[in-house]
Each structure stands twice: as C-alpha cells, then as structure tokens.
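Heads up, coords-v3.cif below (mmCIF, C-alpha atoms and all ligand atoms):
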data_run
loop_
_atom_site.label_atom_id
_atom_site.label_comp_id
_atom_site.auth_asym_id
_atom_site.auth_seq_id
_atom_site.Cartn_x
_atom_site.Cartn_y
_atom_site.Cartn_z
CA LEU R 1 -55.32 43.94 51.50
CA TYR R 2 -58.20 42.32 49.68
CA ALA R 3 -56.34 42.15 46.37
CA LEU R 4 -53.29 40.72 48.12
CA THR R 5 -55.31 37.95 49.73
CA GLN R 6 -56.81 36.95 46.43
CA ASP R 7 -53.28 36.60 45.03
CA ILE R 8 -51.87 34.48 47.80
CA ILE R 9 -54.76 32.09 48.20
CA THR R 10 -53.57 28.60 47.41
CA ALA R 11 -55.57 25.99 45.57
CA ILE R 12 -57.34 23.08 47.20
CA LEU R 13 -55.86 19.78 46.13
CA LYS R 14 -58.19 16.81 46.15
CA MET R 15 -57.00 13.26 46.51
CA ASN R 16 -58.47 9.88 47.28
CA TYR R 17 -56.87 8.61 50.44
CA ASN R 18 -57.69 4.89 50.65
CA GLY R 19 -61.40 5.49 50.18
CA VAL R 20 -61.57 8.91 51.88
CA ASN R 21 -61.88 11.97 49.63
CA MET R 22 -59.33 14.25 51.23
CA LYS R 23 -59.02 17.96 50.50
CA LYS R 24 -55.49 19.23 51.04
CA ILE R 25 -54.75 22.90 51.55
CA LYS R 26 -51.17 24.07 51.70
CA VAL R 27 -50.01 26.64 54.23
CA SER R 28 -47.01 28.06 52.37
CA LEU R 29 -44.21 28.93 54.77
CA LYS R 30 -41.08 27.90 52.88
CA GLU R 31 -39.38 25.04 54.78
CA LYS R 32 -42.14 25.16 57.40
CA SER R 33 -44.94 24.60 54.85
CA TYR R 34 -47.59 22.05 55.73
CA PHE R 35 -50.92 20.67 54.60
CA ILE R 36 -54.34 20.92 56.20
CA ASN R 37 -56.14 17.62 55.48
CA ILE R 38 -59.92 17.95 55.43
CA ALA R 39 -62.44 15.11 55.07
CA SER R 40 -65.22 13.23 56.75
CA GLY R 41 -63.32 10.23 58.05
CA ALA R 42 -59.88 11.88 58.09
CA LEU R 43 -59.24 10.76 61.69
CA SER R 44 -58.93 7.13 60.66
CA LYS R 45 -56.19 8.13 58.19
CA SER R 46 -54.15 10.02 60.83
CA GLY R 47 -51.63 7.21 61.33
CA SER R 48 -50.68 6.99 57.68
CA ILE R 49 -50.69 10.81 57.22
CA ILE R 50 -48.29 11.25 60.17
CA LYS R 51 -46.18 8.26 59.15
CA LYS R 52 -45.48 9.89 55.78
CA LEU R 53 -44.14 12.99 57.54
CA ASN R 54 -41.34 10.90 58.97
CA ILE R 55 -41.15 12.98 62.15
CA ALA R 56 -41.35 10.40 64.93
CA LYS R 57 -41.65 6.80 66.00
CA ALA R 58 -43.86 7.51 68.97
CA CYS R 59 -46.89 9.77 69.46
CA PHE R 60 -47.88 11.56 72.66
CA VAL R 61 -51.51 12.68 72.38
CA VAL R 62 -52.83 15.62 74.42
CA THR R 63 -56.60 15.54 74.79
CA ASN R 64 -59.23 15.54 77.53
CA LYS R 65 -61.61 12.91 78.94
CA ASN R 66 -64.60 14.18 77.03
CA ILE R 67 -62.93 14.18 73.62
CA ALA R 68 -61.07 10.95 74.41
CA SER R 69 -64.36 9.21 75.20
CA HIS R 70 -65.47 9.86 71.62
CA TYR R 71 -62.29 9.66 69.58
CA ALA R 72 -59.23 8.30 71.40
CA ARG R 73 -59.90 4.69 70.40
CA LYS R 74 -60.20 5.51 66.71
CA LEU R 75 -57.05 7.64 66.73
CA ASN R 76 -55.10 5.07 68.72
CA LEU R 77 -56.09 2.33 66.30
CA SER R 78 -54.97 4.38 63.31
CA LEU R 79 -51.64 5.31 64.96
CA LYS R 80 -50.95 1.72 66.06
CA LYS R 81 -51.78 0.44 62.58
CA ALA R 82 -49.11 2.78 61.23
CA GLY R 83 -46.61 1.32 63.72
CA PHE R 84 -46.50 4.10 66.34
CA ASP R 85 -46.01 3.61 70.04
CA THR R 86 -48.66 5.83 71.67
CA MET R 87 -49.62 7.52 74.90
CA PHE R 88 -52.81 9.49 75.57
CA TYR R 89 -52.69 12.23 78.18
CA ASN R 90 -55.92 13.84 79.46
CA THR R 91 -55.73 17.40 80.60
CA VAL R 92 -58.61 19.14 82.40
CA ASP R 93 -61.56 20.10 80.24
CA SER R 94 -61.47 23.88 80.64
CA GLU R 95 -59.39 26.97 79.94
CA LYS R 96 -57.53 26.04 83.17
CA ALA R 97 -55.63 23.48 81.09
CA LYS R 98 -53.71 26.45 79.70
CA SER R 99 -52.03 27.20 83.05
CA HIS R 100 -48.29 27.02 83.66
CA SER R 101 -48.76 24.15 86.16
CA SER R 102 -50.73 22.16 83.61
CA TRP R 103 -48.03 22.86 80.96
CA TYR R 104 -45.34 21.67 83.40
CA GLU R 105 -47.26 18.49 84.26
CA LEU R 106 -47.71 17.74 80.57
CA VAL R 107 -44.01 18.22 79.82
CA LYS R 108 -43.13 15.91 82.73
CA ARG R 109 -45.37 13.15 81.34
CA LEU R 110 -44.08 13.75 77.83
CA ALA R 111 -40.46 13.46 78.97
CA ALA R 112 -41.22 10.21 80.82
CA PHE R 113 -42.84 8.74 77.69
CA ASP R 114 -40.33 10.12 75.22
CA ARG R 115 -37.07 9.19 76.97
CA GLY R 116 -35.16 10.82 74.12
CA ARG R 117 -36.81 8.69 71.42
CA GLY R 118 -37.95 11.71 69.44
CA ALA R 119 -41.68 11.48 70.06
CA CYS R 120 -44.06 13.88 68.34
CA LEU R 121 -46.95 15.59 70.08
CA ILE R 122 -50.51 15.41 68.78
CA ALA R 123 -53.20 17.78 70.04
CA LEU R 124 -56.59 16.08 69.76
CA GLY R 125 -59.18 18.64 70.79
CA GLY R 126 -60.32 22.22 70.60
CA GLY R 127 -58.28 25.39 70.93
CA VAL R 128 -57.42 24.63 74.54
CA CYS R 129 -55.66 21.33 73.76
CA GLY R 130 -54.16 22.87 70.61
CA ASP R 131 -52.73 25.92 72.37
CA LEU R 132 -51.41 23.95 75.35
CA GLY R 133 -50.11 21.05 73.23
CA GLY R 134 -48.53 23.42 70.74
CA PHE R 135 -46.76 25.38 73.44
CA ALA R 136 -45.48 22.16 75.04
CA ALA R 137 -44.27 20.93 71.62
CA ALA R 138 -42.55 24.28 71.02
CA THR R 139 -40.77 24.33 74.38
CA TYR R 140 -39.97 20.68 75.16
CA ARG R 141 -36.39 20.02 73.98
CA ARG R 142 -36.59 23.37 72.13
CA GLY R 143 -39.22 21.98 69.80
CA ILE R 144 -40.53 18.59 68.68
CA GLY R 145 -42.82 17.51 65.83
CA PHE R 146 -46.36 18.76 66.37
CA VAL R 147 -49.65 17.68 64.77
CA GLN R 148 -53.03 19.32 65.19
CA ILE R 149 -56.21 17.22 65.08
CA PRO R 150 -58.83 19.90 65.78
CA THR R 151 -62.18 18.66 67.07
CA THR R 152 -64.17 21.90 67.44
CA LEU R 153 -65.39 24.12 64.63
CA LEU R 154 -63.38 26.99 66.12
CA ALA R 155 -60.21 24.92 66.12
CA GLN R 156 -60.76 23.58 62.58
CA VAL R 157 -61.32 27.01 61.07
CA ASP R 158 -58.98 29.02 63.25
CA SER R 159 -56.81 27.95 66.18
CA ALA R 160 -55.25 24.84 64.63
CA ILE R 161 -53.96 26.82 61.65
CA GLY R 162 -51.21 29.40 61.80
CA GLY R 163 -48.87 28.38 64.58
CA LYS R 164 -50.00 30.56 67.48
CA THR R 165 -49.53 28.58 70.69
CA ALA R 166 -49.92 29.87 74.22
CA ILE R 167 -50.74 29.41 77.86
CA ASP R 168 -52.47 31.86 80.20
CA THR R 169 -51.34 33.74 83.30
CA ASP R 170 -53.54 34.83 86.20
CA PHE R 171 -53.63 38.35 84.82
CA ALA R 172 -53.86 37.85 81.08
CA LYS R 173 -54.82 35.16 78.59
CA ASN R 174 -52.31 33.82 76.06
CA LEU R 175 -49.53 35.96 77.56
CA ILE R 176 -46.85 33.24 77.38
CA GLY R 177 -46.55 31.72 73.96
CA ALA R 178 -44.65 30.98 70.80
CA PHE R 179 -45.17 30.87 67.07
CA TYR R 180 -44.76 27.19 66.36
CA GLN R 181 -46.17 25.65 63.21
CA PRO R 182 -47.62 22.15 63.17
CA LYS R 183 -46.23 19.59 60.71
CA THR R 184 -49.78 18.90 59.56
CA VAL R 185 -53.41 19.56 60.47
CA ILE R 186 -56.04 16.82 60.20
CA SER R 187 -59.61 18.15 60.22
CA ASP R 188 -62.26 15.43 60.32
CA ILE R 189 -65.70 16.95 59.67
CA GLU R 190 -67.48 13.96 61.27
CA LEU R 191 -65.96 14.92 64.64
CA LEU R 192 -68.10 18.04 64.69
CA LYS R 193 -71.24 15.88 64.98
CA THR R 194 -70.75 15.40 68.74
CA LEU R 195 -70.06 19.07 69.37
CA PRO R 196 -72.71 20.85 71.50
CA ILE R 197 -74.62 23.46 69.50
CA ARG R 198 -73.20 26.31 71.59
CA GLN R 199 -69.71 25.25 70.47
CA VAL R 200 -70.85 25.22 66.84
CA ARG R 201 -72.06 28.80 67.27
CA ASN R 202 -68.76 29.67 68.96
CA GLY R 203 -66.89 28.59 65.83
CA LEU R 204 -69.47 30.08 63.52
CA SER R 205 -68.62 33.51 64.85
CA GLU R 206 -65.04 33.11 63.51
CA VAL R 207 -66.45 31.72 60.25
CA ILE R 208 -68.58 34.86 59.85
CA LYS R 209 -65.47 36.92 60.63
CA TYR R 210 -63.58 35.43 57.64
CA ALA R 211 -66.51 36.24 55.36
CA VAL R 212 -66.70 39.85 56.56
CA ILE R 213 -62.97 40.52 56.25
CA LEU R 214 -62.20 38.67 53.04
CA ASP R 215 -65.06 37.17 51.06
CA LYS R 216 -68.46 38.65 50.34
CA SER R 217 -69.65 35.69 48.27
CA PHE R 218 -68.84 33.41 51.21
CA PHE R 219 -70.96 35.75 53.36
CA SER R 220 -73.88 35.21 50.95
CA TYR R 221 -73.24 31.45 51.13
CA LEU R 222 -73.54 31.62 54.92
CA GLU R 223 -76.77 33.63 54.66
CA LYS R 224 -78.22 30.95 52.37
CA ASN R 225 -76.97 27.87 54.20
CA LEU R 226 -77.04 28.89 57.85
CA GLU R 227 -79.87 26.57 58.88
CA ASN R 228 -78.14 23.55 57.31
CA ILE R 229 -74.88 24.43 59.03
CA LEU R 230 -76.71 24.61 62.36
CA LYS R 231 -78.19 21.18 61.55
CA TYR R 232 -74.61 19.81 61.25
CA ASP R 233 -74.99 19.10 57.53
CA SER R 234 -71.70 17.40 56.58
CA SER R 235 -71.31 18.87 53.12
CA CYS R 236 -72.03 22.44 54.34
CA LEU R 237 -69.61 22.00 57.25
CA GLU R 238 -66.95 20.65 54.91
CA ARG R 239 -67.41 23.63 52.61
CA VAL R 240 -67.19 26.01 55.59
CA VAL R 241 -64.06 24.38 57.06
CA SER R 242 -62.35 24.23 53.64
CA LYS R 243 -63.15 27.84 52.79
CA CYS R 244 -61.99 29.18 56.15
CA SER R 245 -58.85 27.02 56.11
CA LEU R 246 -58.03 28.37 52.66
CA LEU R 247 -58.55 31.96 53.77
CA LYS R 248 -56.53 31.56 56.96
CA ALA R 249 -53.75 29.69 55.13
CA GLY R 250 -53.51 32.62 52.72
CA VAL R 251 -53.26 35.22 55.47
CA VAL R 252 -50.75 33.21 57.55
CA GLY R 253 -48.64 32.49 54.46
CA ALA R 254 -48.41 36.23 53.82
CA ASP R 255 -47.60 37.25 57.39
CA GLU R 256 -46.51 34.35 59.60
CA TYR R 257 -45.43 36.46 62.59
CA GLU R 258 -48.05 39.21 62.42
CA LYS R 259 -45.27 41.65 61.56
CA LYS R 260 -46.37 42.85 58.12
CA GLY R 261 -49.74 44.11 59.24
CA PHE R 262 -51.59 41.59 57.15
CA ARG R 263 -52.43 39.02 59.84
CA THR R 264 -53.91 41.91 61.83
CA ILE R 265 -57.15 41.65 59.84
CA LEU R 266 -57.86 38.35 61.64
CA ASN R 267 -58.32 40.45 64.78
CA PHE R 268 -61.53 41.90 63.39
CA GLY R 269 -64.08 41.93 66.22
CA HIS R 270 -61.45 40.80 68.71
CA THR R 271 -60.49 44.18 70.20
CA ILE R 272 -63.82 44.82 71.88
CA GLY R 273 -64.50 41.04 71.95
CA HIS R 274 -61.44 40.40 74.15
CA ALA R 275 -62.36 43.33 76.37
CA ILE R 276 -65.86 41.86 76.87
CA GLU R 277 -64.31 38.45 77.71
CA ALA R 278 -61.98 40.14 80.20
CA ALA R 279 -64.85 42.06 81.78
CA CYS R 280 -66.66 38.72 82.21
CA SER R 281 -63.41 37.43 83.81
CA TYR R 282 -63.29 34.59 81.30
CA GLU R 283 -66.11 32.89 83.20
CA ASN R 284 -68.50 30.53 81.52
CA THR R 285 -71.03 33.30 81.09
CA ILE R 286 -69.76 34.10 77.61
CA ASN R 287 -67.48 32.21 75.26
CA HIS R 288 -64.93 33.59 72.82
CA GLY R 289 -67.12 33.42 69.72
CA GLU R 290 -70.04 35.04 71.49
CA ALA R 291 -67.82 37.93 72.58
CA VAL R 292 -66.31 38.25 69.09
CA ALA R 293 -69.79 38.44 67.52
CA ILE R 294 -70.59 41.47 69.67
CA GLY R 295 -67.09 42.83 68.98
CA MET R 296 -67.61 42.57 65.21
CA LEU R 297 -70.84 44.51 65.45
CA ALA R 298 -69.22 47.14 67.67
CA ALA R 299 -66.40 47.51 65.10
CA PHE R 300 -69.05 47.97 62.41
CA ASP R 301 -70.74 50.59 64.62
CA ILE R 302 -67.39 52.43 64.81
CA SER R 303 -67.03 52.26 61.02
CA VAL R 304 -70.51 53.71 60.62
CA SER R 305 -69.74 56.51 63.13
CA LEU R 306 -66.52 57.35 61.28
CA GLY R 307 -68.35 57.41 57.95
CA ILE R 308 -66.20 54.56 56.59
CA THR R 309 -69.29 52.53 55.77
CA ASP R 310 -73.06 52.83 55.84
CA ALA R 311 -75.42 50.89 58.07
CA ALA R 312 -76.56 48.37 55.43
CA GLY R 313 -73.61 45.97 55.88
CA ARG R 314 -73.84 46.24 59.66
CA ASN R 315 -77.53 45.36 59.53
CA ARG R 316 -76.82 42.33 57.32
CA LEU R 317 -74.16 41.15 59.76
CA GLU R 318 -76.44 41.75 62.74
CA SER R 319 -79.19 39.68 61.17
CA LEU R 320 -76.78 36.79 60.37
CA ILE R 321 -75.41 36.89 63.92
CA ILE R 322 -78.89 36.79 65.45
CA ARG R 323 -79.98 33.95 63.11
CA SER R 324 -76.84 32.04 64.20
CA GLY R 325 -78.08 32.16 67.78
CA LEU R 326 -75.23 34.48 68.78
CA MET R 327 -75.81 37.67 70.74
CA SER R 328 -75.70 41.10 69.14
CA GLU R 329 -75.41 42.80 72.54
CA ILE R 330 -74.82 41.79 76.15
CA SER R 331 -76.37 42.90 79.41
CA GLY R 332 -75.27 42.36 82.99
CA VAL R 333 -71.72 43.51 82.20
CA ASP R 334 -70.27 46.86 83.25
CA PRO R 335 -69.43 48.69 79.99
CA HIS R 336 -66.87 50.81 81.82
CA MET R 337 -64.94 47.65 82.71
CA VAL R 338 -64.93 46.80 79.02
CA ILE R 339 -63.65 50.27 78.18
CA ARG R 340 -60.98 50.01 80.91
CA SER R 341 -59.75 46.62 79.76
CA LEU R 342 -59.42 48.01 76.23
CA LEU R 343 -56.49 49.94 77.67
CA TYR R 344 -54.69 46.75 78.79
CA ASP R 345 -54.52 44.83 75.58
CA LYS R 346 -51.30 43.19 74.39
CA LYS R 347 -52.21 44.34 70.89
CA ILE R 348 -51.41 47.96 71.85
CA ILE R 349 -47.92 48.56 70.47
CA ASN R 350 -46.07 51.79 71.34
CA GLY R 351 -49.35 53.30 72.49
CA ILE R 352 -50.98 52.70 69.11
CA ARG R 353 -54.05 50.52 68.86
CA ARG R 354 -54.81 49.17 65.43
CA TRP R 355 -58.50 48.83 64.67
CA VAL R 356 -59.77 46.52 61.97
CA LEU R 357 -62.81 48.26 60.54
CA PRO R 358 -65.13 47.15 57.77
CA ARG R 359 -65.56 49.18 54.60
CA CYS R 360 -68.24 46.77 53.45
CA ILE R 361 -68.96 43.05 53.74
CA GLY R 362 -65.84 41.33 52.38
CA HIS R 363 -63.41 44.21 52.85
CA VAL R 364 -61.77 45.71 55.94
CA ILE R 365 -59.19 48.40 56.56
CA VAL R 366 -56.75 48.82 59.43
CA CYS R 367 -56.90 52.17 61.26
CA ASN R 368 -54.52 53.45 63.89
CA ASN R 369 -56.33 54.86 66.91
CA VAL R 370 -60.00 55.75 66.84
CA PRO R 371 -61.25 58.70 68.96
CA ALA R 372 -62.12 57.47 72.46
CA ASP R 373 -65.65 58.91 72.40
CA ILE R 374 -66.51 56.90 69.28
CA VAL R 375 -65.20 53.69 70.89
CA GLU R 376 -67.15 54.43 74.07
CA LYS R 377 -70.33 55.05 72.12
CA ALA R 378 -69.97 51.68 70.37
CA VAL R 379 -69.32 49.84 73.66
CA LEU R 380 -72.26 51.54 75.39
CA LYS R 381 -74.54 50.54 72.51
CA ARG R 382 -73.61 46.84 72.78
CA VAL R 383 -72.85 46.37 76.49
CA SER R 384 -75.14 47.33 79.36
CA ARG R 385 -74.82 46.87 83.09
CA VAL R 386 -78.51 46.34 83.79
CA ARG R 387 -79.48 42.74 83.15
CA LYS R 388 -82.30 42.60 80.61
N1 LIG R 401 -53.97 29.63 68.66
C1 LIG R 401 -54.87 30.37 68.06
O1 LIG R 401 -54.65 30.92 66.99
C2 LIG R 401 -56.21 30.53 68.72
C3 LIG R 401 -57.26 31.13 68.02
C4 LIG R 401 -58.50 31.20 68.62
C5 LIG R 401 -58.70 30.68 69.90
N2 LIG R 401 -57.65 30.11 70.56
C6 LIG R 401 -57.83 29.53 71.90
O2 LIG R 401 -58.72 28.44 71.77
C7 LIG R 401 -59.36 28.21 73.01
C8 LIG R 401 -60.80 27.93 72.78
O3 LIG R 401 -60.93 26.81 71.95
P1 LIG R 401 -62.33 26.08 71.68
O4 LIG R 401 -63.36 27.11 71.44
O5 LIG R 401 -62.10 25.04 70.66
O6 LIG R 401 -62.70 25.48 73.11
P2 LIG R 401 -62.25 24.14 73.89
O7 LIG R 401 -60.98 23.63 73.41
O8 LIG R 401 -62.40 24.45 75.33
O9 LIG R 401 -63.41 23.12 73.49
C9 LIG R 401 -64.75 23.45 73.82
C10 LIG R 401 -65.49 22.29 74.49
O10 LIG R 401 -65.86 21.35 73.49
C11 LIG R 401 -65.47 20.04 73.88
N3 LIG R 401 -65.21 19.33 72.64
C12 LIG R 401 -64.18 19.52 71.80
N4 LIG R 401 -64.34 18.79 70.70
C13 LIG R 401 -65.48 18.09 70.85
C14 LIG R 401 -66.19 17.18 70.02
N5 LIG R 401 -65.76 16.88 68.78
N6 LIG R 401 -67.32 16.65 70.49
C15 LIG R 401 -67.80 17.00 71.71
N7 LIG R 401 -67.20 17.88 72.52
C16 LIG R 401 -66.04 18.43 72.08
C17 LIG R 401 -64.28 20.25 74.76
O11 LIG R 401 -64.08 19.16 75.63
C18 LIG R 401 -64.67 21.53 75.50
O12 LIG R 401 -65.48 21.23 76.61
C19 LIG R 401 -59.07 29.42 73.88
O13 LIG R 401 -58.13 29.07 74.86
C20 LIG R 401 -58.47 30.43 72.91
O14 LIG R 401 -57.53 31.28 73.52
C21 LIG R 401 -56.43 30.02 69.98
ZN ZN R 402 -60.92 34.42 67.84
#
Translate the structure of the given file into structure tokens.
Amino acid sequence: LYALTQDIITAILKMNYNGVNMKKIKVSLKEKSYFINIASGALSKSGSIIKKLNIAKACFVVTNKNIASHYARKLNLSLKKAGFDTMFYNTVDSEKAKSHSSWYELVKRLAAFDRGRGACLIALGGGVCGDLGGFAAATYRRGIGFVQIPTTLLAQVDSAIGGKTAIDTDFAKNLIGAFYQPKTVISDIELLKTLPIRQVRNGLSEVIKYAVILDKSFFSYLEKNLENILKYDSSCLERVVSKCSLLKAGVVGADEYEKKGFRTILNFGHTIGHAIEAACSYENTINHGEAVAIGMLAAFDISVSLGITDAAGRNRLESLIIRSGLMSEISGVDPHMVIRSLLYDKKIINGIRRWVLPRCIGHVIVCNNVPADIVEKAVLKRVSRVRK
C-alpha cells in the first residue's frame, strides 16, 4: 500500500493568482478530476476560480450563522465581482444540520432560488455544511455543480476532499449518502484563524492519522512543529493542509468508491473511534477527532498485542497526541457499550471487519477480523466507566 501511494501522489502546482500564491493539487478521477486550491487569501479569489469552471450563473451557499458572520461578506463580494447571482442559506450550527428534515428544507430553498437556472451549490463551512451541502447537490435534480470551501482544519484536510457526502438518521450517522465529487475545493488558510482551539485539535487528529498511515517524515515534521501549529502559524498550517490534501488526493484517486481496499486505510483509528462516539451518543462530550485519537492508540495497542509492531511507535504517537491536547484515553464511558457498538458498524461487510493496523509510523496494513479478546483488551485499556 505504501509503495502504491508514493506512486500515485500528484505534484503540487504553484501559481500566482492575482497576487495570491495558490497551491493547486489535482485529485485525478478522469472526467471528474478537480483541483484543491490552497492559499492564505484564497477565499477572495473564489468568484474567479468558480467562474472559470463554467458550471453555473448563480451560486447557492450553504453555511451557518457563525461562519457567515466571519466570511459570508467576503465570499459574496468575490462571487458578485465575478458576475454571480447569490443566495446564502444558514443551516443550524450542529450535527443536527445533517438531518433529513434539514436536507429537505435546504432543497426547498435551493429550488426556489434556482428556478431551473442551473445554480451551483457552495458549502462554506466545516464537515457538517460540506456533508449536507454535498448530499443536497448530489440529489437535487440528480446532481448539480458543487464547490467546497472548507473552513475547519478537519474539513480542509479531510471531509472536503474525496466526494463522500451524507446525512444522518436517528439510529446511525452518515447512513444516507452518496459519492459526489466537488468541481473544486478552495482552502483558505486564513479562515482557520477564527477556529476555536478545540476544533484545531479535532482536525489535528486526522492530520496525525495521515502521518501514521502514509508518511513517517511528515510525522517527524508534526513532532517538531506542533507548538507552532497550535499557535495558528500560517506557514505551518499551509504546509499541513497541503501535505494532507496531497495524501488524501492520492488515496482517493486510487480508490474513489472504497472498493479496491485502498481507501480503507483512511479508516485508521475510526473503528474504535466511531464506537466511542456512538457510546457517547454523539453528544458534545467528545468530538470526532478526540474519539479518533483514542481509536488510533487502541489500534496501535491491537497491533502490539498481535506482535505486528513493537511499543515504540505507539509511545511516540501517544506522546504526540497528548502534546496536541487530545486525549489518549477516556473515562466516564461504558467500555461494554463501545464493544457492543463495534458490532453495529456499517463498515462490517459480509460479517468481516477490516482493521487498519500500524506496522510502524508511516505504514499500516489491513487485517480481516481480529480476535475479540484482543479488541476487548484494547478498549478496556483506553475506555473506563469510572470518571477519573
Ligand atoms: N465527508 C467526509 O469524508 C467526512 C470526513 C470526516 C468527517 N465528516 C463529517 O464532518 C462533520 C464534522 O465536521 P467538522 O469537524 O468540520 O465540524 P463542524 O462542521 O460542526 O464545525 C465545527 C464548528 O466550528 C465552527 N466553525 C467552522 N469554521 C469556522 C471558522 N473558520 N471559524 C470559526 N468557527 C468555525 C462551526 O460553526 C462549528 O460550530 C461530521 O458530521 C462528520 O461526519 C465527513
Ligand atoms: Zn475522521
């Protein structure tokens, strides 16, 4: 897998975009290929970037009040300057925005604005706006032009790239969804400056994931530059977003629909991570990145138990996770609920669960089924019922 990724990684193109130094990374998907545009100041170039795509005359923007208060004006100005008719639609600022009623309301507003003109949909926000907006773009009129403008670190390095869109049901997250690629992604590093630190850590967990699964020198970079990243240093953040975009673009380009087994490696830390989120009932007590951090360590624990790796890599990861301000274990959660919800995971196919397990920092393998006692031991080590 590692060798394959190195082969498929595309180069970063650099271009001066009317005074903004834009990095452009191609996600290669034949006729569905698109560019991820990365720069401090990229937002103000959105209008002209989208104009060049020639996908619409009007833009319907899905965002929320919080994000709109910071960035709607700037985006609107850029879109208007490029000649677009615009409408901004605020959804609720929580995971509840990914409900079927919220999707239906959005589509109703979109239809009223569009009136058959061929509008495109822009998601301005984190993974919530991106997933909801993407699913609406995929389903309205069987698909309209879609643009991602991710505003969280998690969205810039992960959710905005790769075409997974979804809404939730009462009994499972992301259960209703579609693969639907954006026409372009615009990642403005400056937007991360208003992000609360907990959200930076949330994204950092996915950043660390890329380093563990694919790139040991990037892991060393994170070890060296962690404090600057946590201080919102623009050049470090740009390096992080570019690196992760490049890595994700490579994986998605090799396995768009998660059918060839390759995209599976992105689920590293997510098996137990999702189960922890489910056991916390997706409440605000723990966010996705926090759960994934614990999940990555639990996966490392499993690797150590199976003799696939030694403890040195796990200890390095644990120390980076703790320095990031993420948790390496969680208390106040019933570990048996975590173990139970591991049984109800949509990633179980024909009774087989595929585990992504590290061999060392920078290299993972995919294993089918791990003995239940080893999984339980790892969960019990990282999750405890008694609040500490
Ligand atoms: N499609 C995928 O491949 C994929 C991958 C990972 C996660 N997801 C989904 O992403 C969602 C989580 O996304 P998220 O972590 O970005 O959370 P989010 O979208 O809820 O955003 C987090 C918070 O940050 C605020 N915010 C966003 N940008 C801001 C900015 N620049 N400044 C200040 N505040 C800002 C938001 O208003 C929100 O309150 C989940 O629903 C998850 O299922 C999807
Ligand atoms: Zn994730």
Distance of CA of Asn64 (chain R) from CA of Arg201 (chain R), expressed in Å to one decimal place: 21.1 Å
Near-Lys216 (chain R) list (9 Å; all atoms listed in the file; drop same-chain fewer than 5 positions) as a ChimeraX atom specification: /R:211,221,360-363
Within 12 Å of file point (-57.6, 15.5, 58.6), counting all atoms listed in the file, expressed as a ChimeraX atom specification: /R:17,20-25,35-50,75,124,147-151,156,160,184-191,238,241-242,245
Cut-off 7 Å, all atoms listed in the file, neighbours of ligand LIG 401 (chain R) as a ChimeraX atom specification: /R:64,66-67,93-95,125-129,131,151-155,158-166,173-174,191-196,199,202-203,288
Straight-line distance linking CA of Ser328 (chain R) with CA of Asp301 (chain R), stated in Å to one decimal: 11.6 Å
Expected selection as a count of residues only for ligand ZN 402 (chain R) within 9 Å, all atoms listed in the file: 17
Å distance separating CA of Phe113 (chain R) from CA of Met87 (chain R), one decimal place: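 Interatomic distance here is 7.4 Å.
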Surrounding residues of region 374-387 of chain R excluding itself and chain neighbours under 6 positions, 12 Å, only C-alpha atoms, as a PyMOL selection string: chain R and resi 271-273+275-277+279-280+291-307+318+327-343+353+355+357
Restricting the output to C-alpha atoms, write the selected residues as a compact mmCIF listing (two decimals), in the frame of the given file.
# COMPACT_ATOMS: atom_id res chain seq x y z
CA THR R 271 -60.49 44.18 70.20
CA ILE R 272 -63.82 44.82 71.88
CA GLY R 273 -64.50 41.04 71.95
CA ALA R 275 -62.36 43.33 76.37
CA ILE R 276 -65.86 41.86 76.87
CA GLU R 277 -64.31 38.45 77.71
CA ALA R 279 -64.85 42.06 81.78
CA CYS R 280 -66.66 38.72 82.21
CA ALA R 291 -67.82 37.93 72.58
CA VAL R 292 -66.31 38.25 69.09
CA ALA R 293 -69.79 38.44 67.52
CA ILE R 294 -70.59 41.47 69.67
CA GLY R 295 -67.09 42.83 68.98
CA MET R 296 -67.61 42.57 65.21
CA LEU R 297 -70.84 44.51 65.45
CA ALA R 298 -69.22 47.14 67.67
CA ALA R 299 -66.40 47.51 65.10
CA PHE R 300 -69.05 47.97 62.41
CA ASP R 301 -70.74 50.59 64.62
CA ILE R 302 -67.39 52.43 64.81
CA SER R 303 -67.03 52.26 61.02
CA VAL R 304 -70.51 53.71 60.62
CA SER R 305 -69.74 56.51 63.13
CA LEU R 306 -66.52 57.35 61.28
CA GLY R 307 -68.35 57.41 57.95
CA GLU R 318 -76.44 41.75 62.74
CA MET R 327 -75.81 37.67 70.74
CA SER R 328 -75.70 41.10 69.14
CA GLU R 329 -75.41 42.80 72.54
CA ILE R 330 -74.82 41.79 76.15
CA SER R 331 -76.37 42.90 79.41
CA GLY R 332 -75.27 42.36 82.99
CA VAL R 333 -71.72 43.51 82.20
CA ASP R 334 -70.27 46.86 83.25
CA PRO R 335 -69.43 48.69 79.99
CA HIS R 336 -66.87 50.81 81.82
CA MET R 337 -64.94 47.65 82.71
CA VAL R 338 -64.93 46.80 79.02
CA ILE R 339 -63.65 50.27 78.18
CA ARG R 340 -60.98 50.01 80.91
CA SER R 341 -59.75 46.62 79.76
CA LEU R 342 -59.42 48.01 76.23
CA LEU R 343 -56.49 49.94 77.67
CA ARG R 353 -54.05 50.52 68.86
CA TRP R 355 -58.50 48.83 64.67
CA LEU R 357 -62.81 48.26 60.54
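Among the candidate residues R:Asn16, R:Thr86, R:Thr264, R:Thr169, the one lying nearest to Lys57 (chain R) is R:Thr86, with distances computed using all atoms listed in the file.
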All residues 9 Å or closer to Phe262 (chain R), all atoms listed in the file, same chain fewer than 6 positions away omitted, as a tab-separated table (two decimals) with C-alpha atoms, in the coordinates of the input:
chain	number	residue	atom	x	y	z
R	1	LEU	CA	-55.32	43.94	51.50
R	251	VAL	CA	-53.26	35.22	55.47
R	252	VAL	CA	-50.75	33.21	57.55
R	254	ALA	CA	-48.41	36.23	53.82
R	255	ASP	CA	-47.60	37.25	57.39
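Across R:Thr63, R:Ser324, R:Ser101, R:Thr91, the tightest approach to Lys224 (chain R) is made by R:Ser324 when counting all atoms listed in the file.
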Pick from R:Lys388, R:Lys183, R:Arg314, R:His100, whichever lies nearest to Lys51 (chain R) using only C-alpha atoms: R:Lys183
For Glu223 (chain R): contacts at 10 Å, all atoms listed in the file, fewer than 4 positions along chain excluded, given as a ChimeraX atom specification: /R:208,217-219,227,316-317,319-321,323-324
Selected residue, from R:Leu222, R:Ile229, R:Ser33, R:Arg109, that lies nearest to Tyr180 (chain R) when counting all atoms listed in the file: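 Looking at the shortest contact to Tyr180 (chain R), the residue is R:Ser33.
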Residue nearest Ser220 (chain R) - candidates R:Pro371, R:Gly313, R:Gly177, R:Gly116, atoms counted: all atoms listed in the file: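 The closest residue to Ser220 (chain R) is R:Gly313.
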Among listed residues R:Asn54, R:Asn315, R:Gln181, R:Ser78, nearest Gly134 (chain R) (using all atoms listed in the file):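 Residue with the minimum atom-to-atom distance to Gly134 (chain R): R:Gln181.
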